[in-house]
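S.K.: Quick one: the structure is below, and I'll ask about it shortly.
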Amino acid sequence: MNFLLAISRLLALCALCAHASVTSVLSPFLPGQSQNEKPEWCKQLPRPEYKSLQRILPDDPWFEVYKVAPGTFAIYEPHQSEEVISYLIVGTKQALLFDTGMGIADIKKIVSRLTSRPVVVLNSHTHDDHVGGNWQFNSIFGMDTAFTRENAKGSTADAQAEIAPGEICGDLPKRFDPKTYRTKPWHVSFFIHDGFKIKLGGRTVEVIATPGHTPDAIALLDRENGLLFTGDTYYPAPIWLYRPETDLAAYEKSIARLAALAPEIKTVLGAHNIPVAPPEVLPALVQAFADLQAGKAACKPAGDGKKMCTVDKFSFLLRAAP
């Protein structure tokens, strides 16, 4: 294929590329632009907060693993723009994997290096970036919602959007095939509910339903160790509240419920960007969201029918009014 023909065909394809710019699609053909050029978000890494955390298994090319509390490991994916963090919570009898990440690399292999105990999977919610490795595990707990059941079927479109131009920083794993990448189907072994307790041996984690971001969103509370795993209900980055399944009224109630736990929490562990935050962030989030609802936020268009609204140190990605 000659250069002009390649350009014409790719320009035609751009009409179908909702998330890719002409420049990014044509980058392999344009002089002076490297295929391996880092996207802007990637240039901000590594995040300085990680310097204070204990890193283990530093030889893995895709995951970064940090010990964030005794028997508690953050499994971080810094090479994809959402910077997903899954958590392995280890007891004396079994372990709980809270989310399984993107499914781009082998999270089960990482988990097997961290513990030899039986592992049960539970998702903070079932968006594709948190369930990508579910299919690798036999024991999966899930919230009893229609949203969970639908997402357990897997998705190709959602997964492909995660590896679109500008979404990846550095090299993909050697055995990864971007053409066939999808969120593979997985099976819920046991449906759970708000207040459900999982005994791991020597420690117990409690499920707290936090609908809002999604109908099946949950947090996990380890009371004895003062740990609260918040999923996508809180993390230190713009919080996504624009999707069709998002319920702002439910979200408001959920963050108020988490904020009430702040006095007994030592560490808040979110699902993106940075794994640790102080408990004071929870009541501050409630106040910021109240200010947002009261029209006190600074908002600007964020493209595709969305707007970014900032209040204090918090940002919320919301649906823009039609």
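Following the order of the structure tokens, first chain is A, next is B, and so on, with residues numbered from 1 inside each chain and ligands from 1 in the order they appear.
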Write out as a list in words each polymer residue whose atoms come within 7 Å of range 119-130 of chain A, counting only C-alpha atoms; drop sequence neighbours fewer than 6 positions from it.
M.R.: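 Residues meeting the cut-off are Gln94, Ala95, Leu96, Leu97, Phe98, Asp99, Thr100, Gly101, Met102, Ser139, Ile140, Phe141, Gly142, Thr148, Asn151, Asp158, Ala159, Thr183, Thr214, Asp216, Ala217, Ile218, Ala219 and Gly231 of chain A.
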S.K.: Write out as an MDAnalysis selection string the residues lying within 6 Å of Leu200 in chain A, counting only C-alpha atoms and excluding same-chain residues fewer than 2 positions away.
M.R.: chainID A and resid 91 93:94 203:204
S.K.: Leu228 in chain A: which residues within 10 Å, counting only C-alpha atoms, same-chain residues fewer than 2 positions away excluded, as a ChimeraX atom specification?
M.R.: /A:205-206,208,219-223,225-226,230-231,258,261-262,264-270,276-277,279
S.K.: Write out, as a tab-separated table, each residue of range 195-250 of chain A that has an atom at most 10 Å from range 72-88 of chain A, together with the closest pair of atoms and their distance in Å to one decimal, counting only C-alpha atoms, rows going by chain and rising number.
M.R.:
```
residue	atom	partner	partner_atom	distance
A:Leu227	CA	A:Thr72	CA	9.7
A:Phe229	CA	A:Tyr87	CA	8.5
A:Gly231	CA	A:Ile85	CA	8.8
A:Asp232	CA	A:Val84	CA	9.9
A:Ala237	CA	A:Glu82	CA	9.6
```
S.K.: Kindly export the residues of the current selection with all heavy atoms, as an mmCIF file, in the first residue's frame.
M.R.:
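Result file follows (again.cif):
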```cif
data_model
loop_
_atom_site.group_PDB
_atom_site.id
_atom_site.type_symbol
_atom_site.label_atom_id
_atom_site.label_comp_id
_atom_site.auth_asym_id
_atom_site.auth_seq_id
_atom_site.Cartn_x
_atom_site.Cartn_y
_atom_site.Cartn_z
ATOM 1 N N LEU A 227 -9.156 -0.313 57.812
ATOM 2 C CA LEU A 227 -8.985 -0.140 56.372
ATOM 3 C C LEU A 227 -10.345 -0.060 55.684
ATOM 4 O O LEU A 227 -11.226 -0.885 55.946
ATOM 5 C CB LEU A 227 -8.189 -1.308 55.788
ATOM 6 C CG LEU A 227 -6.815 -1.591 56.395
ATOM 7 C CD1 LEU A 227 -6.205 -2.825 55.748
ATOM 8 C CD2 LEU A 227 -5.896 -0.392 56.275
ATOM 9 N N PHE A 229 -11.785 0.086 51.785
ATOM 10 C CA PHE A 229 -11.537 -0.002 50.354
ATOM 11 C C PHE A 229 -12.755 0.576 49.637
ATOM 12 O O PHE A 229 -13.847 0.018 49.726
ATOM 13 C CB PHE A 229 -11.310 -1.460 49.946
ATOM 14 C CG PHE A 229 -10.178 -2.136 50.685
ATOM 15 C CD1 PHE A 229 -10.394 -2.703 51.945
ATOM 16 C CD2 PHE A 229 -8.907 -2.212 50.133
ATOM 17 C CE1 PHE A 229 -9.360 -3.322 52.630
ATOM 18 C CE2 PHE A 229 -7.869 -2.840 50.798
ATOM 19 C CZ PHE A 229 -8.093 -3.392 52.059
ATOM 20 N N GLY A 231 -13.286 1.430 46.224
ATOM 21 C CA GLY A 231 -13.585 1.233 44.805
ATOM 22 C C GLY A 231 -13.596 2.546 44.062
ATOM 23 O O GLY A 231 -12.720 3.400 44.269
ATOM 24 N N ASP A 232 -14.593 2.772 43.213
ATOM 25 C CA ASP A 232 -14.691 4.018 42.449
ATOM 26 C C ASP A 232 -15.616 5.038 43.104
ATOM 27 O O ASP A 232 -15.929 6.076 42.507
ATOM 28 C CB ASP A 232 -15.174 3.737 41.023
ATOM 29 C CG ASP A 232 -14.032 3.321 40.112
ATOM 30 O OD1 ASP A 232 -12.919 3.054 40.630
ATOM 31 O OD2 ASP A 232 -14.239 3.233 38.893
ATOM 32 N N ALA A 237 -8.663 11.354 41.947
ATOM 33 C CA ALA A 237 -8.662 11.768 40.540
ATOM 34 C C ALA A 237 -10.098 12.165 40.220
ATOM 35 O O ALA A 237 -10.997 11.968 41.045
ATOM 36 C CB ALA A 237 -8.199 10.621 39.643
#
```
S.K.: Give the answer as one residue: which of A:Arg257, A:Gln44, A:Ala105, A:Lys184 has the shortest atom-to-atom distance to Glu64 in chain A, using only C-alpha atoms?
M.R.: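 Checking each candidate against Glu64 in chain A, we get A:Ala105 as the closest.
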S.K.: Enumerate, as a PyMOL selection string, the complete set of residues in range 24-153 of chain A that a backbone-based DSSP assignment places in strand (DSSP E).
M.R.: chain A and resi 54-56+64-69+72-76+85-90+95-98+119-122+140-143
S.K.: Could you please determine the separation between CA of Glu49 in chain A and CA of Asn273 in chain A in Å, to one decimal place?
M.R.: 9.8 Å
S.K.: Rank nothing, just name the residue among A:Lys296, A:Arg117, A:Lys153, A:His187 nearest to Gln136 in chain A, using only C-alpha atoms.
M.R.: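 Looking only at the distances to Gln136 in chain A, the closest residue turns out to be A:His187.
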S.K.: Write out as number ranges by chain the set of residues from range 9-237 of chain A that DSSP, computed on the backbone, places in alpha helix (DSSP H).
M.R.: A: 9-14, 22-26, 40-43, 107-114, 128-131, 146-151, 157-161
S.K.: Have a look at A:Pro70, A:Gly305, A:Gly154, A:Gly212 and name the one nearest to Glu224 in chain A; count only C-alpha atoms.
M.R.: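 Closest residue, counting only C-alpha atoms: A:Pro70.
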S.K.: Between A:Gly103, A:Pro118, A:Pro211, A:Gly201, which is the closest to Phe176 in chain A once you count only C-alpha atoms?
M.R.: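 For Phe176 in chain A, the nearest of the given residues is A:Gly103.
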S.K.: Calculate how many Å separate CA of Lys109 in chain A from CA of Asp144 in chain A, rounding to one decimal.
M.R.: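 Those two atoms sit 28.4 Å apart.
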S.K.: Would you mind reading off the distance between CA of Phe63 in chain A and CA of Leu172 in chain A, one decimal, in Å?
M.R.: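 Between CA of Phe63 in chain A and CA of Leu172 in chain A the gap is 11.2 Å.
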S.K.: Calculated over only C-alpha atoms, which of the candidates A:Leu282, A:His213, A:Phe314, A:Ala271 has the smallest distance to Ala249 in chain A?
M.R.: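 Smallest distance to Ala249 in chain A is found for A:His213.
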